[in-house]
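Working notes for the structure below.
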Amino acid sequence: MTTLLVTVGMGANVDPQNTLYTPLERSMRQAQAGTIWLLPSSESRRHAEHLQSALPDLPIQVAPMLPPDSEEDPDKCFHFFEAWIRQLIESGVHPSGIVLDYTRGTKTMSAAALMAALSNGVDRFAYVS
């Protein structure tokens, strides 16, 4: 079964439903994953928690968040995601069963998550517009 990793950014503060929640819900439903891990920043954790509570029919988990004020620092983001993905793999999830969705998330978070996934042997990615 697929494990979906999803970067969670802020969307447009004036319209989070259409700029964040709807695209992420579409992505998560299309993936039909056995487990969905939302990867928030300290700022976007509230959005991840909202999605988890608003979509109880989906197997959503909220991963530990990036340290405060690191979502725009490529080195901090990379090292955080690399260690987290490595731990996930060490817990028994095979890299071939992981899909990283970078539909939302800051550009820095998304780029770092992609690099971290690749460095751990993950080669399946999704982007839903």
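Here, A, B, ... name the chains of the structure tokens in the order displayed, residue numbers run from 1 inside each chain, and ligands are numbered from 1 in the same displayed order.
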
Residues near stretch 62-72 of chain A, anyone? I mean within 6 Å using only C-alpha atoms, not counting same-chain ones fewer than 4 positions away, as a list in words. Trp37, Leu38, Leu39, Pro40, Ser41, Ser42, Thr108 and Met109 of chain A

Enumerate as a compact mmCIF listing (two decimals) with N, CA and C atoms, in the first residue's frame all residues of chain A assigned to strand (DSSP E or B) by DSSP on the backbone, naming them with the chain letters and numbers the document uses.
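Produced file selection.txt, reproduced below:
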```txt
# COMPACT_ATOMS: atom_id res chain seq x y z
N THR A 3 2.28 4.96 0.78
CA THR A 3 2.37 5.97 1.83
C THR A 3 2.57 7.31 1.13
N LEU A 4 1.65 8.23 1.36
CA LEU A 4 1.69 9.54 0.72
C LEU A 4 2.24 10.56 1.70
N LEU A 5 3.27 11.29 1.29
CA LEU A 5 3.82 12.40 2.06
C LEU A 5 3.40 13.69 1.37
N VAL A 6 2.84 14.61 2.12
CA VAL A 6 2.27 15.83 1.53
C VAL A 6 2.81 17.06 2.23
N THR A 7 3.52 17.93 1.50
CA THR A 7 3.95 19.19 2.08
C THR A 7 2.74 20.10 2.26
N VAL A 8 2.69 20.79 3.39
CA VAL A 8 1.56 21.67 3.69
C VAL A 8 2.09 23.07 3.93
N THR A 35 -1.65 5.22 4.03
CA THR A 35 -1.28 6.19 5.06
C THR A 35 -0.93 7.50 4.38
N ILE A 36 -1.38 8.59 4.98
CA ILE A 36 -1.08 9.92 4.48
C ILE A 36 -0.40 10.69 5.61
N TRP A 37 0.79 11.17 5.34
CA TRP A 37 1.51 12.00 6.30
C TRP A 37 1.54 13.44 5.79
N LEU A 38 0.97 14.36 6.55
CA LEU A 38 1.05 15.78 6.23
C LEU A 38 2.32 16.33 6.85
N LEU A 39 3.09 17.08 6.06
CA LEU A 39 4.38 17.63 6.48
C LEU A 39 4.26 19.15 6.60
N PRO A 40 3.87 19.65 7.78
CA PRO A 40 3.66 21.09 7.93
C PRO A 40 4.88 21.83 8.46
N ILE A 60 -5.13 10.10 7.66
CA ILE A 60 -4.19 11.22 7.77
C ILE A 60 -3.50 11.24 9.12
N GLN A 61 -2.18 11.40 9.07
CA GLN A 61 -1.34 11.64 10.24
C GLN A 61 -0.64 12.97 10.02
N VAL A 62 -0.42 13.71 11.09
CA VAL A 62 0.33 14.95 10.99
C VAL A 62 1.73 14.68 11.53
N ILE A 98 6.53 4.84 -1.30
CA ILE A 98 6.33 6.24 -0.88
C ILE A 98 6.12 7.12 -2.10
N VAL A 99 5.13 8.02 -2.00
CA VAL A 99 4.92 9.06 -2.99
C VAL A 99 4.98 10.39 -2.26
N LEU A 100 5.78 11.32 -2.76
CA LEU A 100 5.84 12.67 -2.19
C LEU A 100 5.02 13.60 -3.05
N ASP A 101 4.03 14.23 -2.43
CA ASP A 101 3.21 15.22 -3.12
C ASP A 101 3.64 16.60 -2.65
N PHE A 125 6.63 10.94 -7.34
CA PHE A 125 6.24 12.28 -6.93
C PHE A 125 4.91 12.64 -7.56
N ALA A 126 4.20 13.57 -6.90
CA ALA A 126 2.91 14.03 -7.42
C ALA A 126 2.80 15.53 -7.24
```

Point out the residue among A:Gln32, A:His47, A:Asn13, A:Leu118 with the least atom-to-atom distance to A:Phe78, counting only C-alpha atoms. A:Leu118

Spatial neighbours of stretch 21-28 of chain A, max dist 8 Å, only C-alpha atoms, sep filter under 2 positions, as an mmCIF file with all heavy atoms, in the first residue's frame:
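In the end it all went to selection-v1.cif:
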```
data_model
loop_
_atom_site.group_PDB
_atom_site.id
_atom_site.type_symbol
_atom_site.label_atom_id
_atom_site.label_comp_id
_atom_site.auth_asym_id
_atom_site.auth_seq_id
_atom_site.Cartn_x
_atom_site.Cartn_y
_atom_site.Cartn_z
ATOM 1 N N LEU A 4 1.645 8.226 1.361
ATOM 2 C CA LEU A 4 1.695 9.538 0.718
ATOM 3 C C LEU A 4 2.235 10.562 1.702
ATOM 4 O O LEU A 4 1.736 10.681 2.815
ATOM 5 C CB LEU A 4 0.293 9.945 0.264
ATOM 6 C CG LEU A 4 0.151 11.284 -0.447
ATOM 7 C CD1 LEU A 4 0.876 11.272 -1.795
ATOM 8 C CD2 LEU A 4 -1.326 11.631 -0.633
ATOM 9 N N PRO A 16 -8.143 30.086 2.133
ATOM 10 C CA PRO A 16 -7.452 28.803 2.309
ATOM 11 C C PRO A 16 -8.236 27.619 1.750
ATOM 12 O O PRO A 16 -7.638 26.627 1.341
ATOM 13 C CB PRO A 16 -7.258 28.693 3.823
ATOM 14 C CG PRO A 16 -8.264 29.599 4.414
ATOM 15 C CD PRO A 16 -8.477 30.700 3.410
ATOM 16 N N GLN A 17 -9.554 27.725 1.699
ATOM 17 C CA GLN A 17 -10.351 26.610 1.182
ATOM 18 C C GLN A 17 -9.963 26.284 -0.259
ATOM 19 O O GLN A 17 -9.692 25.140 -0.595
ATOM 20 C CB GLN A 17 -11.853 26.919 1.263
ATOM 21 C CG GLN A 17 -12.731 25.769 0.809
ATOM 22 C CD GLN A 17 -12.583 24.528 1.681
ATOM 23 O OE1 GLN A 17 -12.609 24.621 2.904
ATOM 24 N NE2 GLN A 17 -12.413 23.373 1.064
ATOM 25 N N ASN A 18 -9.921 27.309 -1.112
ATOM 26 C CA ASN A 18 -9.647 27.079 -2.530
ATOM 27 C C ASN A 18 -8.164 27.013 -2.860
ATOM 28 O O ASN A 18 -7.786 26.408 -3.860
ATOM 29 C CB ASN A 18 -10.317 28.158 -3.387
ATOM 30 C CG ASN A 18 -11.818 27.986 -3.394
ATOM 31 O OD1 ASN A 18 -12.320 26.873 -3.537
ATOM 32 N ND2 ASN A 18 -12.544 29.063 -3.219
ATOM 33 N N THR A 19 -7.316 27.634 -2.053
ATOM 34 C CA THR A 19 -5.888 27.659 -2.374
ATOM 35 C C THR A 19 -5.081 26.603 -1.635
ATOM 36 O O THR A 19 -3.925 26.376 -1.981
ATOM 37 C CB THR A 19 -5.281 29.046 -2.076
ATOM 38 O OG1 THR A 19 -5.403 29.316 -0.674
ATOM 39 C CG2 THR A 19 -5.965 30.134 -2.893
ATOM 40 N N GLN A 30 -7.077 11.247 -4.676
ATOM 41 C CA GLN A 30 -6.573 10.601 -5.892
ATOM 42 C C GLN A 30 -5.518 9.548 -5.581
ATOM 43 O O GLN A 30 -5.434 8.535 -6.258
ATOM 44 C CB GLN A 30 -5.984 11.641 -6.850
ATOM 45 C CG GLN A 30 -7.013 12.475 -7.565
ATOM 46 C CD GLN A 30 -6.386 13.552 -8.440
ATOM 47 O OE1 GLN A 30 -5.173 13.698 -8.519
ATOM 48 N NE2 GLN A 30 -7.231 14.331 -9.101
ATOM 49 N N ALA A 31 -4.738 9.772 -4.545
ATOM 50 C CA ALA A 31 -3.636 8.859 -4.223
ATOM 51 C C ALA A 31 -4.109 7.504 -3.708
ATOM 52 O O ALA A 31 -3.433 6.499 -3.888
ATOM 53 C CB ALA A 31 -2.727 9.504 -3.185
ATOM 54 N N GLN A 32 -5.269 7.475 -3.065
ATOM 55 C CA GLN A 32 -5.796 6.238 -2.479
ATOM 56 C C GLN A 32 -4.717 5.526 -1.651
ATOM 57 O O GLN A 32 -4.511 4.315 -1.775
ATOM 58 C CB GLN A 32 -6.376 5.323 -3.549
ATOM 59 C CG GLN A 32 -7.530 5.945 -4.296
ATOM 60 C CD GLN A 32 -8.123 5.035 -5.350
ATOM 61 O OE1 GLN A 32 -7.478 4.123 -5.853
ATOM 62 N NE2 GLN A 32 -9.365 5.291 -5.687
ATOM 63 N N ALA A 33 -4.048 6.294 -0.808
ATOM 64 C CA ALA A 33 -2.940 5.777 -0.006
ATOM 65 C C ALA A 33 -3.440 5.080 1.259
ATOM 66 O O ALA A 33 -4.500 5.414 1.784
ATOM 67 C CB ALA A 33 -2.013 6.928 0.379
ATOM 68 N N ILE A 36 -1.385 8.588 4.982
ATOM 69 C CA ILE A 36 -1.081 9.924 4.482
ATOM 70 C C ILE A 36 -0.405 10.693 5.609
ATOM 71 O O ILE A 36 -0.955 10.811 6.704
ATOM 72 C CB ILE A 36 -2.359 10.672 4.045
ATOM 73 C CG1 ILE A 36 -3.057 9.916 2.915
ATOM 74 C CG2 ILE A 36 -2.026 12.114 3.644
ATOM 75 C CD1 ILE A 36 -4.457 10.421 2.611
ATOM 76 N N HIS A 47 -3.276 24.252 9.605
ATOM 77 C CA HIS A 47 -3.949 23.791 8.384
ATOM 78 C C HIS A 47 -3.907 22.265 8.293
ATOM 79 O O HIS A 47 -4.881 21.631 7.890
ATOM 80 C CB HIS A 47 -3.303 24.408 7.145
ATOM 81 C CG HIS A 47 -3.501 25.878 7.031
ATOM 82 N ND1 HIS A 47 -4.735 26.484 7.066
ATOM 83 C CD2 HIS A 47 -2.603 26.891 6.909
ATOM 84 C CE1 HIS A 47 -4.601 27.788 6.948
ATOM 85 N NE2 HIS A 47 -3.309 28.062 6.854
ATOM 86 N N LEU A 51 -7.185 19.786 8.204
ATOM 87 C CA LEU A 51 -7.432 18.742 7.202
ATOM 88 C C LEU A 51 -7.653 17.388 7.867
ATOM 89 O O LEU A 51 -8.545 16.637 7.482
ATOM 90 C CB LEU A 51 -6.262 18.665 6.219
ATOM 91 C CG LEU A 51 -6.185 19.796 5.202
ATOM 92 C CD1 LEU A 51 -4.796 19.854 4.584
ATOM 93 C CD2 LEU A 51 -7.255 19.634 4.139
ATOM 94 N N LEU A 58 -10.147 9.755 5.677
ATOM 95 C CA LEU A 58 -8.819 9.538 5.106
ATOM 96 C C LEU A 58 -7.826 9.209 6.222
ATOM 97 O O LEU A 58 -7.913 9.763 7.315
ATOM 98 C CB LEU A 58 -8.345 10.783 4.341
ATOM 99 C CG LEU A 58 -9.129 11.115 3.077
ATOM 100 C CD1 LEU A 58 -8.619 12.417 2.458
ATOM 101 C CD2 LEU A 58 -9.050 9.985 2.073
ATOM 102 N N ASP A 101 4.033 14.228 -2.433
ATOM 103 C CA ASP A 101 3.206 15.218 -3.117
ATOM 104 C C ASP A 101 3.639 16.603 -2.650
ATOM 105 O O ASP A 101 3.544 16.921 -1.472
ATOM 106 C CB ASP A 101 1.734 14.984 -2.785
ATOM 107 C CG ASP A 101 0.822 15.940 -3.525
ATOM 108 O OD1 ASP A 101 1.152 17.139 -3.624
ATOM 109 O OD2 ASP A 101 -0.231 15.504 -3.999
ATOM 110 N N THR A 103 2.320 19.452 -3.889
ATOM 111 C CA THR A 103 1.304 20.358 -4.420
ATOM 112 C C THR A 103 1.288 21.689 -3.683
ATOM 113 O O THR A 103 1.165 22.743 -4.279
ATOM 114 C CB THR A 103 -0.087 19.696 -4.340
ATOM 115 O OG1 THR A 103 -0.074 18.522 -5.160
ATOM 116 C CG2 THR A 103 -1.185 20.622 -4.820
ATOM 117 N N ARG A 104 1.381 21.636 -2.364
ATOM 118 C CA ARG A 104 1.398 22.856 -1.551
ATOM 119 C C ARG A 104 2.588 22.774 -0.610
ATOM 120 O O ARG A 104 3.139 21.713 -0.352
ATOM 121 C CB ARG A 104 0.092 23.025 -0.770
ATOM 122 C CG ARG A 104 -1.120 23.257 -1.671
ATOM 123 C CD ARG A 104 -0.975 24.599 -2.398
ATOM 124 N NE ARG A 104 -2.097 24.899 -3.262
ATOM 125 C CZ ARG A 104 -2.085 24.728 -4.578
ATOM 126 N NH1 ARG A 104 -1.049 24.197 -5.170
ATOM 127 N NH2 ARG A 104 -3.108 25.087 -5.312
ATOM 128 N N TYR A 127 2.115 16.140 -8.190
ATOM 129 C CA TYR A 127 1.784 17.562 -8.103
ATOM 130 C C TYR A 127 0.393 17.703 -8.722
ATOM 131 O O TYR A 127 0.186 17.314 -9.877
ATOM 132 C CB TYR A 127 2.783 18.424 -8.867
ATOM 133 C CG TYR A 127 2.464 19.903 -8.748
ATOM 134 C CD1 TYR A 127 2.993 20.662 -7.717
ATOM 135 C CD2 TYR A 127 1.638 20.519 -9.672
ATOM 136 C CE1 TYR A 127 2.689 22.014 -7.588
ATOM 137 C CE2 TYR A 127 1.320 21.875 -9.553
ATOM 138 C CZ TYR A 127 1.853 22.595 -8.518
ATOM 139 O OH TYR A 127 1.556 23.918 -8.395
ATOM 140 N N VAL A 128 -0.549 18.192 -7.942
ATOM 141 C CA VAL A 128 -1.918 18.343 -8.428
ATOM 142 C C VAL A 128 -2.238 19.826 -8.466
ATOM 143 O O VAL A 128 -2.148 20.506 -7.446
ATOM 144 C CB VAL A 128 -2.931 17.620 -7.505
ATOM 145 C CG1 VAL A 128 -4.352 17.838 -7.985
ATOM 146 C CG2 VAL A 128 -2.602 16.136 -7.456
ATOM 147 N N SER A 129 -2.573 20.332 -9.650
ATOM 148 C CA SER A 129 -2.882 21.774 -9.756
ATOM 149 C C SER A 129 -4.360 22.033 -9.582
ATOM 150 O O SER A 129 -5.173 21.151 -9.560
ATOM 151 C CB SER A 129 -2.414 22.320 -11.097
ATOM 152 O OG SER A 129 -2.981 21.606 -12.154
#
```

Closest to A:Ser110 among A:Ile85, A:Gly11, A:Cys77, A:Ser96, using only C-alpha atoms?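 Checking each candidate against A:Ser110, we get A:Cys77 as the closest.
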
Atomic separation - atom CA of A:Phe81 relative to atom CA of A:His94, Å: 16.2 Å

Quick check for you: according to DSSP on this backbone, which residues of chain A are classed as helix (DSSP H, G or I)? Reply as a PyMOL selection string. chain A and resi 16-31+45-54+74-90+95-97+107-119

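Between atom CA of A:Asn120 and atom CA of A:Gly105 the interatomic distance comes to 19.9 Å.
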